[in-house]
Protein chains: 2
Amino acid sequence: MASRRRSRASVVGVDLGATSAKLALVDGRGRVRDRRALSTQRYRGPRALIAVLVAELRRLIGGSVQGIGIGAPGLVNHARGLVHQFVNIRGWHDVPLAHLVARATGLPTVVDNDANVMALGELRYGAGRGTRNILAVTLGTGVGGAVIVGGRLYRGVSGSAGEIGHMTLHADGPACPCGNHGCLERYVGNQALEARARHLLKRRVSLEEVSRLARSGHRLACQLWREAGRHLGTALAGYVDLMNPERIIIGGGVAQAGPVLFRAIRETIDARAMRVPARAVRIVRAGLGTDAGIIGAAVLVREQLGQRQVIQ
Amino acid sequence: MASRRRSRASVVGVDLGATSAKLALVDGRGRVRDRRALSTQRYRGPRALIAVLVAELRRLIGGSVQGIGIGAPGLVNHARGLVHQFVNIRGWHDVPLAHLVARATGLPTVVDNDANVMALGELRYGAGRGTRNILAVTLGTGVGGAVIVGGRLYRGVSGSAGEIGHMTLHADGPACPCGNHGCLERYVGNQALEARARHLLKRRVSLEEVSRLARSGHRLACQLWREAGRHLGTALAGYVDLMNPERIIIGGGVAQAGPVLFRAIRETIDARAMRVPARAVRIVRAGLGTDAGIIGAAVLVREQLGQRQVIQ
């Protein structure tokens, strides 16, 4: 009976990424079942990709699924279900993704940006369990963030809150496409880190490899992550002073760099933030790994459906 | 009968400043009555000042007063009623101010830092009326801030949220006593502005005079406020990206500089913050002037007493 209730409460979580979309059933305890993936790069425009996505969704959902949550990288209007702009996939401008998927599947569908979705997943089932005031940071091509306040996702007045990637580190630093100068993303976005790795190691090298090298103690690889940690720590110290959070959760590929990165972040926060909030905050690695997007998307739709209390 | 009810619902608001303490009865509509002031600099330690404050409070409160709210500059633990540190008044270390005043007056007493108190006053009766997501900034010797989220003061996990004065503008900039480098306060705190004014105008000049000069179009005075506005705008752009607020309220002496300052803040936010949250935010001057502290302290104690609904 208990398991029937859980299965009835399943939702689909979709992690729509720039190279692949992952989708899976997620049960009422945040467990991922029956996962699928599809490439997102080979389609001409949003309609073609959405058609394939819907076909996969139809295969996945049985009679027991109650809703679909989608996390997408880029500028998303959660309230209206719109993807304004889809980072690194061309042709997406103001696509009513939630509406299109809901119409095709007959299921309630909710969409939000990937950082918000990741933060929800970590809050409920990952590194944020038991806490109420969190900053979640996703390190990748872009540097995203999401703010949890009082145990709830904080979206701001027009739904765009959380953009820590464009906080200023050096007001006269390099220009950023966002319009600002010296943004955090200019220093710890993947492109900046890859360029720095090439400069330090005198060869083309992937960030995965720099992480492996750092974990085995390679001096220059460690230097790169220490520098990255200092940049991150400087921006995060500002957040710590401003929002006095309980926990900062760091996810995305770069978070795999290991202790040398996290130590540098911690030391920089201790040096730059005020004593009281610096002592209060814990800096942790995301706990859900590559499933954070799927699980978070499931939490998103569940909270929207108001079933949080019902399910467990 | 209505007026008797209002008078019964009066509280005392105390704005404890570095040179003077202002106190007054504040009625249920945020109107200030029967105000008093006393110097705060001539006493040897906290006990002597508190004794004088209590004597003034006793004179002020009749049978109709229900509580006392105190705003104090510095590090305050609101939950415990402690003043950890009192900026610019020596000898205050972990003083249980709320407890001491409550014992001496027999009235419930609440204490919080001046920026939080100002934000509450502006939210209820000033430039923040009708909004729910606000950053309030106080410009003075220090640069303070307070965060309103969902219509409520956000204090963070250990009560220190809102410290925008120590956000980084230039990570390699001048050292700040807080431990960080290149903090906003290093550029727009009163001392920094006074030094800059001396440099630009080649003489000792008060910030009040620089404001007067700017309002009458003096070139170098305008330049000073434009620069200050750019520094402020850079830090505020980070906040706008992060928290997507509805309104930023700027108070304190420097806010009197007028349109040239506010125009520079606005232009910098438009240039440096992301488009969606930049468009959503209004930058306004605090509406309650020098009474913001008293009125905000009254709001503080009233909210604490849970009488907000009862009073109006």
# chains A, B, ... in the order shown; residues from 1 in each chain; ligands from 1

call {"tool": "interface_residues", "arguments": {"of": "chain A", "to": "chain B", "cutoff": "8 Å", "atoms": "only C-alpha atoms", "output": "VMD selection string"}}
result
chain A and resid 133 155 to 164 166 to 172 178 to 181 234 to 235 237 to 246 271 to 274 276 to 277 280

call {"tool": "write_last_selection", "arguments": {"atoms": "N, CA and C atoms", "output": "tab-separated table (two decimals), in the first residue's frame"}}
result
chain	number	residue	atom	x	y	z
A	133	ASN	N	18.42	28.61	5.12
A	133	ASN	CA	18.98	29.77	4.42
A	133	ASN	C	20.23	29.36	3.67
A	155	ARG	N	12.72	34.00	-5.44
A	155	ARG	CA	12.85	34.30	-6.87
A	155	ARG	C	13.01	35.78	-7.17
A	156	GLY	N	12.68	36.64	-6.22
A	156	GLY	CA	12.76	38.08	-6.46
A	156	GLY	C	11.52	38.58	-7.18
A	157	VAL	N	11.49	39.89	-7.42
A	157	VAL	CA	10.25	40.52	-7.87
A	157	VAL	C	9.92	40.18	-9.32
A	158	SER	N	10.94	39.89	-10.15
A	158	SER	CA	10.60	39.46	-11.52
A	158	SER	C	11.19	38.09	-11.85
A	159	GLY	N	11.51	37.31	-10.82
A	159	GLY	CA	11.87	35.91	-11.04
A	159	GLY	C	13.30	35.65	-11.42
A	160	SER	N	14.18	36.66	-11.33
A	160	SER	CA	15.54	36.46	-11.82
A	160	SER	C	16.58	36.39	-10.70
A	161	ALA	N	16.16	36.31	-9.45
A	161	ALA	CA	17.14	36.35	-8.35
A	161	ALA	C	18.15	35.21	-8.44
A	162	GLY	N	19.29	35.41	-7.81
A	162	GLY	CA	20.28	34.35	-7.68
A	162	GLY	C	21.51	34.48	-8.56
A	163	GLU	N	21.55	35.50	-9.41
A	163	GLU	CA	22.64	35.59	-10.39
A	163	GLU	C	23.94	36.06	-9.74
A	164	ILE	N	24.60	35.14	-9.04
A	164	ILE	CA	25.84	35.51	-8.36
A	164	ILE	C	27.01	35.62	-9.35
A	166	HIS	N	27.49	37.35	-11.77
A	166	HIS	CA	27.82	38.69	-12.28
A	166	HIS	C	28.07	39.70	-11.17
A	167	MET	N	28.34	39.19	-9.99
A	167	MET	CA	28.82	40.09	-8.94
A	167	MET	C	30.22	40.58	-9.33
A	168	THR	N	30.51	41.81	-8.94
A	168	THR	CA	31.78	42.43	-9.31
A	168	THR	C	32.91	41.99	-8.38
A	169	LEU	N	34.01	41.54	-8.97
A	169	LEU	CA	35.23	41.32	-8.19
A	169	LEU	C	36.21	42.46	-8.39
A	170	HIS	N	36.28	42.94	-9.64
A	170	HIS	CA	37.18	44.03	-9.98
A	170	HIS	C	36.39	44.98	-10.88
A	171	ALA	N	35.95	46.12	-10.31
A	171	ALA	CA	35.05	47.02	-11.04
A	171	ALA	C	35.68	47.49	-12.36
A	172	ASP	N	37.02	47.48	-12.45
A	172	ASP	CA	37.68	47.88	-13.70
A	172	ASP	C	38.22	46.68	-14.46
A	178	CYS	N	27.44	40.59	-20.10
A	178	CYS	CA	26.28	41.05	-19.33
A	178	CYS	C	26.25	42.57	-19.23
A	179	GLY	N	27.36	43.24	-19.57
A	179	GLY	CA	27.40	44.70	-19.45
A	179	GLY	C	28.31	45.18	-18.33
A	180	ASN	N	28.53	44.32	-17.37
A	180	ASN	CA	29.37	44.67	-16.23
A	180	ASN	C	30.85	44.42	-16.56
A	181	HIS	N	31.72	44.79	-15.66
A	181	HIS	CA	33.14	44.52	-15.78
A	181	HIS	C	33.62	43.71	-14.58
A	234	THR	N	35.94	35.47	-2.66
A	234	THR	CA	35.74	36.92	-2.59
A	234	THR	C	34.28	37.28	-2.87
A	235	ALA	N	33.70	36.68	-3.91
A	235	ALA	CA	32.29	36.94	-4.21
A	235	ALA	C	31.40	36.39	-3.09
A	237	ALA	N	32.12	35.93	0.01
A	237	ALA	CA	32.25	36.74	1.23
A	237	ALA	C	31.24	37.88	1.21
A	238	GLY	N	31.05	38.48	0.02
A	238	GLY	CA	30.03	39.52	-0.11
A	238	GLY	C	28.65	38.97	0.20
A	239	TYR	N	28.36	37.79	-0.31
A	239	TYR	CA	27.06	37.18	-0.03
A	239	TYR	C	26.91	36.86	1.46
A	240	VAL	N	27.99	36.38	2.05
A	240	VAL	CA	27.95	36.02	3.48
A	240	VAL	C	27.65	37.26	4.33
A	241	ASP	N	28.30	38.39	4.03
A	241	ASP	CA	28.02	39.63	4.77
A	241	ASP	C	26.58	40.09	4.55
A	242	LEU	N	26.13	39.93	3.33
A	242	LEU	CA	24.82	40.44	2.95
A	242	LEU	C	23.69	39.58	3.49
A	243	MET	N	23.82	38.27	3.35
A	243	MET	CA	22.68	37.40	3.61
A	243	MET	C	22.87	36.45	4.80
A	244	ASN	N	24.06	36.43	5.37
A	244	ASN	CA	24.30	35.62	6.57
A	244	ASN	C	23.67	34.23	6.44
A	245	PRO	N	24.07	33.48	5.40
A	245	PRO	CA	23.44	32.19	5.15
A	245	PRO	C	23.98	31.09	6.08
A	246	GLU	N	23.22	30.03	6.16
A	246	GLU	CA	23.60	28.89	6.99
A	246	GLU	C	24.56	27.98	6.21
A	271	ALA	N	38.84	35.34	5.68
A	271	ALA	CA	39.65	36.57	5.65
A	271	ALA	C	38.81	37.79	5.28
A	272	ARG	N	37.85	37.63	4.38
A	272	ARG	CA	37.18	38.80	3.81
A	272	ARG	C	35.80	39.09	4.38
A	273	ALA	N	35.10	38.07	4.88
A	273	ALA	CA	33.76	38.34	5.40
A	273	ALA	C	33.84	38.74	6.87
A	274	MET	N	32.78	39.28	7.42
A	274	MET	CA	32.77	39.66	8.82
A	274	MET	C	32.71	38.40	9.69
A	276	VAL	N	31.14	37.28	12.48
A	276	VAL	CA	29.92	36.58	12.90
A	276	VAL	C	29.31	35.75	11.75
A	277	PRO	N	29.03	36.35	10.59
A	277	PRO	CA	28.45	35.53	9.53
A	277	PRO	C	29.44	34.51	8.94
A	280	ALA	N	29.27	31.45	10.92
A	280	ALA	CA	27.97	30.78	10.88
A	280	ALA	C	27.78	29.91	9.65

call {"tool": "residues_around", "arguments": {"residues": "B:Leu261", "least_positions_apart": "5", "cutoff": "12 Å", "atoms": "only C-alpha atoms", "output": "list of chain:residue names"}}
result
B:Val188, B:Val210, B:Ser211, B:Ala214, B:Arg215, B:Ala221, B:Cys222, B:Gln223, B:Leu224, B:Trp225, B:Arg226, B:Glu227, B:Ala228, B:Gly229, B:Arg230, B:His231, B:Leu232, B:Gly233, B:Ile250, B:Val254, B:Ala255, B:Gln256, B:Arg266, B:Glu267, B:Thr268, B:Ile283, B:Val284, B:Arg285

call {"tool": "calpha_fit_and_write", "arguments": {"fixed": "chain A", "moving": "chain B", "output": "compact mmCIF listing (two decimals) with C-alpha atoms, in the first residue's frame"}}
result
# COMPACT_ATOMS: atom_id res chain seq x y z
CA MET B 1 0.05 -0.26 -0.33
CA ALA B 2 2.85 2.07 0.72
CA SER B 3 4.72 1.36 -2.47
CA ARG B 4 1.60 1.84 -4.58
CA ARG B 5 1.10 5.20 -2.92
CA ARG B 6 4.67 6.20 -3.71
CA SER B 7 4.36 5.10 -7.30
CA ARG B 8 1.12 7.03 -7.67
CA ALA B 9 2.90 10.12 -6.42
CA SER B 10 5.69 9.98 -9.03
CA VAL B 11 6.54 12.99 -11.12
CA VAL B 12 8.94 13.43 -14.01
CA GLY B 13 12.03 15.56 -13.54
CA VAL B 14 13.71 16.94 -16.66
CA ASP B 15 17.21 18.35 -16.62
CA LEU B 16 17.44 20.19 -19.92
CA GLY B 17 21.10 20.82 -20.60
CA ALA B 18 23.09 22.38 -23.39
CA THR B 19 24.32 19.04 -24.73
CA SER B 20 21.81 16.52 -23.40
CA ALA B 21 18.45 16.33 -21.69
CA LYS B 22 18.07 13.87 -18.86
CA LEU B 23 14.65 12.77 -17.75
CA ALA B 24 13.44 10.31 -15.17
CA LEU B 25 10.60 9.33 -12.91
CA VAL B 26 11.23 10.57 -9.38
CA ASP B 27 9.27 9.06 -6.52
CA GLY B 28 7.99 10.74 -3.38
CA ARG B 29 11.27 10.19 -1.59
CA GLY B 30 13.41 11.78 -4.23
CA ARG B 31 14.57 8.48 -5.72
CA VAL B 32 15.29 8.44 -9.42
CA ARG B 33 13.76 5.63 -11.50
CA ASP B 34 13.58 4.78 -15.18
CA ARG B 35 15.94 7.39 -16.54
CA ARG B 36 16.38 8.42 -20.17
CA ALA B 37 18.58 10.85 -22.02
CA LEU B 38 18.57 12.55 -25.40
CA SER B 39 20.89 14.89 -27.23
CA THR B 40 19.75 18.52 -27.36
CA GLN B 41 22.16 19.87 -29.95
CA ARG B 42 21.03 18.21 -33.16
CA TYR B 43 17.69 20.00 -33.60
CA ARG B 44 17.06 23.09 -35.69
CA GLY B 45 14.83 24.93 -33.28
CA PRO B 46 12.84 24.59 -30.09
CA ARG B 47 9.81 22.90 -31.69
CA ALA B 48 11.85 19.95 -33.02
CA LEU B 49 13.59 19.39 -29.70
CA ILE B 50 10.34 19.73 -27.77
CA ALA B 51 8.68 17.14 -30.05
CA VAL B 52 11.41 14.60 -29.26
CA LEU B 53 11.28 15.47 -25.59
CA VAL B 54 7.53 14.97 -25.53
CA ALA B 55 7.85 11.58 -27.23
CA GLU B 56 10.32 10.51 -24.53
CA LEU B 57 8.05 11.89 -21.83
CA ARG B 58 5.08 9.94 -23.22
CA ARG B 59 7.11 6.75 -23.08
CA LEU B 60 8.10 7.48 -19.51
CA ILE B 61 4.79 8.50 -17.98
CA GLY B 62 2.19 5.94 -17.15
CA GLY B 63 -1.13 6.50 -15.47
CA SER B 64 0.59 7.18 -12.20
CA VAL B 65 2.52 10.36 -13.02
CA GLN B 66 1.18 13.61 -11.67
CA GLY B 67 3.32 16.29 -13.22
CA ILE B 68 6.49 17.28 -15.04
CA GLY B 69 9.21 19.59 -13.77
CA ILE B 70 11.84 20.98 -16.11
CA GLY B 71 15.10 22.72 -15.26
CA ALA B 72 16.62 24.71 -18.11
CA PRO B 73 19.85 26.70 -18.31
CA GLY B 74 19.20 30.32 -19.14
CA LEU B 75 16.72 33.04 -18.48
CA VAL B 76 13.43 31.46 -17.46
CA ASN B 77 10.19 33.09 -16.40
CA HIS B 78 8.96 30.54 -13.94
CA ALA B 79 5.56 32.14 -13.37
CA ARG B 80 4.73 32.15 -17.09
CA GLY B 81 6.57 28.94 -17.98
CA LEU B 82 8.65 30.79 -20.60
CA VAL B 83 12.24 30.15 -21.61
CA HIS B 84 13.39 33.66 -22.57
CA GLN B 85 16.78 32.51 -23.67
CA PHE B 86 18.50 29.16 -23.66
CA VAL B 87 22.22 29.38 -23.01
CA ASN B 88 24.24 27.61 -25.72
CA ILE B 89 21.27 26.29 -27.71
CA ARG B 90 20.33 28.59 -30.56
CA GLY B 91 16.86 29.61 -31.59
CA TRP B 92 15.21 29.68 -28.19
CA HIS B 93 13.54 33.04 -27.65
CA ASP B 94 10.52 33.33 -25.39
CA VAL B 95 9.48 29.71 -25.92
CA PRO B 96 6.38 28.80 -23.87
CA LEU B 97 7.97 25.49 -22.88
CA ALA B 98 5.69 24.64 -19.93
CA HIS B 99 2.57 25.27 -21.99
CA LEU B 100 3.79 23.24 -24.98
CA VAL B 101 4.81 20.24 -22.88
CA ALA B 102 1.62 20.38 -20.78
CA ARG B 103 -0.55 20.45 -23.92
CA ALA B 104 1.31 17.55 -25.50
CA THR B 105 1.34 15.33 -22.40
CA GLY B 106 -1.83 16.41 -20.63
CA LEU B 107 0.17 16.83 -17.40
CA PRO B 108 0.81 19.91 -15.27
CA THR B 109 4.27 21.18 -16.24
CA VAL B 110 6.52 23.64 -14.46
CA VAL B 111 9.80 25.10 -15.67
CA ASP B 112 12.53 26.98 -13.83
CA ASN B 113 16.20 27.70 -14.37
CA ASP B 114 18.75 25.04 -13.61
CA ALA B 115 20.28 26.74 -10.58
CA ASN B 116 16.91 27.15 -8.87
CA VAL B 117 16.05 23.55 -9.60
CA MET B 118 19.40 22.29 -8.31
CA ALA B 119 18.93 24.34 -5.12
CA LEU B 120 15.50 22.82 -4.52
CA GLY B 121 16.88 19.31 -4.99
CA GLU B 122 19.75 19.95 -2.58
CA LEU B 123 17.43 21.60 -0.05
CA ARG B 124 15.06 18.65 0.06
CA TYR B 125 17.31 15.65 -0.57
CA GLY B 126 20.94 16.77 -0.71
CA ALA B 127 23.51 18.92 1.05
CA GLY B 128 20.93 21.42 2.30
CA ARG B 129 18.68 19.08 4.24
CA GLY B 130 17.65 20.51 7.60
CA THR B 131 18.67 24.09 6.75
CA ARG B 132 16.61 27.12 5.77
CA ASN B 133 18.97 29.81 4.45
CA ILE B 134 21.12 28.68 1.56
CA LEU B 135 23.01 29.96 -1.43
CA ALA B 136 23.44 27.31 -4.10
CA VAL B 137 26.12 27.96 -6.73
CA THR B 138 26.46 26.06 -10.00
CA LEU B 139 29.84 26.20 -11.68
CA GLY B 140 29.91 25.51 -15.40
CA THR B 141 30.05 27.47 -18.65
CA GLY B 142 28.08 30.02 -16.72
CA VAL B 143 28.15 30.60 -12.98
CA GLY B 144 24.62 30.39 -11.65
CA GLY B 145 23.13 30.70 -8.23
CA ALA B 146 19.93 30.30 -6.30
CA VAL B 147 18.82 31.79 -3.01
CA ILE B 148 16.84 29.85 -0.41
CA VAL B 149 15.39 32.01 2.35
CA GLY B 150 13.34 30.64 5.23
CA GLY B 151 13.26 27.20 3.61
CA ARG B 152 11.79 28.46 0.34
CA LEU B 153 13.22 29.36 -3.01
CA TYR B 154 13.49 33.14 -3.28
CA ARG B 155 12.85 34.32 -6.85
CA GLY B 156 12.74 38.10 -6.47
CA VAL B 157 10.24 40.54 -7.87
CA SER B 158 10.59 39.48 -11.52
CA GLY B 159 11.85 35.94 -11.02
CA SER B 160 15.53 36.46 -11.80
CA ALA B 161 17.11 36.36 -8.33
CA GLY B 162 20.27 34.37 -7.66
CA GLU B 163 22.63 35.59 -10.39
CA ILE B 164 25.83 35.51 -8.37
CA GLY B 165 27.94 34.99 -11.51
CA HIS B 166 27.81 38.67 -12.31
CA MET B 167 28.81 40.09 -8.97
CA THR B 168 31.77 42.42 -9.36
CA LEU B 169 35.22 41.30 -8.25
CA HIS B 170 37.16 44.01 -10.05
CA ALA B 171 35.05 46.99 -11.11
CA ASP B 172 37.64 47.84 -13.79
CA GLY B 173 38.21 44.22 -14.82
CA PRO B 174 37.52 42.55 -18.19
CA ALA B 175 34.20 43.31 -19.88
CA CYS B 176 31.45 40.71 -19.60
CA PRO B 177 28.68 40.19 -22.19
CA CYS B 178 26.24 41.00 -19.37
CA GLY B 179 27.36 44.66 -19.52
CA ASN B 180 29.35 44.64 -16.29
CA HIS B 181 33.12 44.48 -15.85
CA GLY B 182 35.16 42.04 -13.78
CA CYS B 183 32.25 39.70 -12.98
CA LEU B 184 32.92 36.50 -11.04
CA GLU B 185 32.09 34.51 -14.18
CA ARG B 186 35.01 36.17 -16.01
CA TYR B 187 37.31 34.43 -13.51
CA VAL B 188 35.69 31.09 -12.70
CA GLY B 189 33.47 30.32 -15.69
CA ASN B 190 34.70 27.27 -17.61
CA GLN B 191 36.18 29.32 -20.46
CA ALA B 192 38.19 31.50 -18.11
CA LEU B 193 39.46 28.45 -16.23
CA GLU B 194 40.35 26.61 -19.44
CA ALA B 195 42.33 29.63 -20.66
CA ARG B 196 44.10 29.86 -17.33
CA ALA B 197 44.88 26.13 -17.40
CA ARG B 198 46.34 26.47 -20.90
CA HIS B 199 48.46 29.36 -19.70
CA LEU B 200 49.72 27.59 -16.57
CA LEU B 201 50.24 24.09 -18.01
CA LYS B 202 51.41 25.27 -21.46
CA ARG B 203 49.00 22.91 -23.24
CA ARG B 204 45.32 22.37 -23.98
CA VAL B 205 43.86 20.52 -21.03
CA SER B 206 40.34 19.76 -19.90
CA LEU B 207 39.12 20.93 -16.49
CA GLU B 208 38.40 17.30 -15.60
CA GLU B 209 42.08 16.57 -16.13
CA VAL B 210 43.12 19.62 -14.09
CA SER B 211 40.89 18.31 -11.30
CA ARG B 212 42.50 14.87 -11.49
CA LEU B 213 45.98 16.43 -11.48
CA ALA B 214 45.10 18.59 -8.47
CA ARG B 215 43.81 15.62 -6.50
CA SER B 216 47.17 13.92 -7.06
CA GLY B 217 49.01 17.03 -5.90
CA HIS B 218 50.19 18.56 -9.22
CA ARG B 219 51.58 21.98 -8.29
CA LEU B 220 50.23 24.10 -11.15
CA ALA B 221 46.87 22.35 -11.14
CA CYS B 222 46.59 23.08 -7.41
CA GLN B 223 47.54 26.69 -8.08
CA LEU B 224 44.72 27.01 -10.63
CA TRP B 225 42.10 25.76 -8.16
CA ARG B 226 43.53 27.89 -5.39
CA GLU B 227 43.15 30.96 -7.56
CA ALA B 228 39.62 29.93 -8.54
CA GLY B 229 38.80 29.38 -4.86
CA ARG B 230 40.04 32.86 -4.00
CA HIS B 231 37.90 34.46 -6.70
CA LEU B 232 34.87 32.46 -5.59
CA GLY B 233 35.59 33.19 -1.94
CA THR B 234 35.74 36.93 -2.63
CA ALA B 235 32.30 36.96 -4.24
CA LEU B 236 30.88 34.60 -1.62
CA ALA B 237 32.25 36.77 1.22
CA GLY B 238 30.03 39.55 -0.14
CA TYR B 239 27.07 37.21 -0.04
CA VAL B 240 27.97 36.07 3.47
CA ASP B 241 28.04 39.68 4.74
CA LEU B 242 24.83 40.50 2.94
CA MET B 243 22.69 37.46 3.62
CA ASN B 244 24.30 35.68 6.58
CA PRO B 245 23.44 32.24 5.17
CA GLU B 246 23.61 28.94 7.02
CA ARG B 247 25.10 27.03 4.12
CA ILE B 248 26.64 27.61 0.70
CA ILE B 249 26.31 24.61 -1.59
CA ILE B 250 28.64 24.40 -4.56
CA GLY B 251 27.84 22.16 -7.49
CA GLY B 252 28.67 21.72 -11.16
CA GLY B 253 31.75 20.27 -12.82
CA VAL B 254 34.29 22.53 -11.16
CA ALA B 255 33.08 21.49 -7.70
CA GLN B 256 34.81 18.15 -8.44
CA ALA B 257 38.22 19.81 -8.10
CA GLY B 258 38.30 18.70 -4.47
CA PRO B 259 39.71 19.96 -1.18
CA VAL B 260 42.21 22.46 -2.62
CA LEU B 261 39.35 24.47 -4.14
CA PHE B 262 37.16 24.30 -1.05
CA ARG B 263 40.01 25.17 1.29
CA ALA B 264 40.78 28.33 -0.73
CA ILE B 265 37.10 29.32 -0.71
CA ARG B 266 36.91 28.85 3.06
CA GLU B 267 40.11 30.77 3.79
CA THR B 268 39.06 33.65 1.57
CA ILE B 269 35.64 33.92 3.23
CA ASP B 270 37.28 33.84 6.67
CA ALA B 271 39.67 36.60 5.61
CA ARG B 272 37.20 38.82 3.76
CA ALA B 273 33.77 38.40 5.37
CA MET B 274 32.79 39.72 8.77
CA ARG B 275 33.48 37.44 11.71
CA VAL B 276 29.96 36.66 12.88
CA PRO B 277 28.46 35.60 9.52
CA ALA B 278 31.74 33.93 8.42
CA ARG B 279 31.62 31.66 11.45
CA ALA B 280 27.97 30.85 10.88
CA VAL B 281 28.27 29.55 7.33
CA ARG B 282 29.28 26.08 6.13
CA ILE B 283 30.62 25.65 2.60
CA VAL B 284 29.76 22.24 1.20
CA ARG B 285 29.81 20.37 -2.06
CA ALA B 286 26.47 19.55 -3.68
CA GLY B 287 25.28 16.13 -2.58
CA LEU B 288 23.15 14.94 -5.49
CA GLY B 289 25.83 14.98 -8.20
CA THR B 290 24.60 14.74 -11.76
CA ASP B 291 21.08 13.84 -10.60
CA ALA B 292 20.56 17.20 -8.89
CA GLY B 293 18.78 18.59 -11.97
CA ILE B 294 16.34 15.71 -12.33
CA ILE B 295 15.58 15.46 -8.64
CA GLY B 296 15.28 19.23 -8.25
CA ALA B 297 12.90 19.42 -11.20
CA ALA B 298 10.78 16.81 -9.48
CA VAL B 299 10.77 18.84 -6.25
CA LEU B 300 9.80 21.91 -8.26
CA VAL B 301 6.69 20.37 -9.78
CA ARG B 302 5.74 18.71 -6.53
CA GLU B 303 5.93 21.96 -4.58
CA GLN B 304 3.91 23.62 -7.30
CA LEU B 305 1.24 20.95 -7.11
CA GLY B 306 1.07 21.59 -3.37
CA GLN B 307 1.65 17.92 -2.64
CA ARG B 308 4.62 18.25 -0.42
CA GLN B 309 2.58 17.63 2.68
CA VAL B 310 0.55 14.84 1.10
CA ILE B 311 3.45 12.77 -0.17
CA GLN B 312 5.50 12.28 2.92

call {"tool": "select_by_dssp", "arguments": {"residues": "stretch 50-167 of chain B", "states": "strand (DSSP E or B)", "output": "ChimeraX atom specification"}}
result
/B:68-72,74-77,82-86,93-95,109-113,134-139,143-149,152-154

call {"tool": "select_by_dssp", "arguments": {"residues": "stretch 113-279 of chain B", "states": "alpha helix (DSSP H)", "output": "VMD selection string"}}
result
chain B and resid 114 to 125 185 to 188 190 to 201 207 to 215 219 to 243 259 to 272 275 to 279
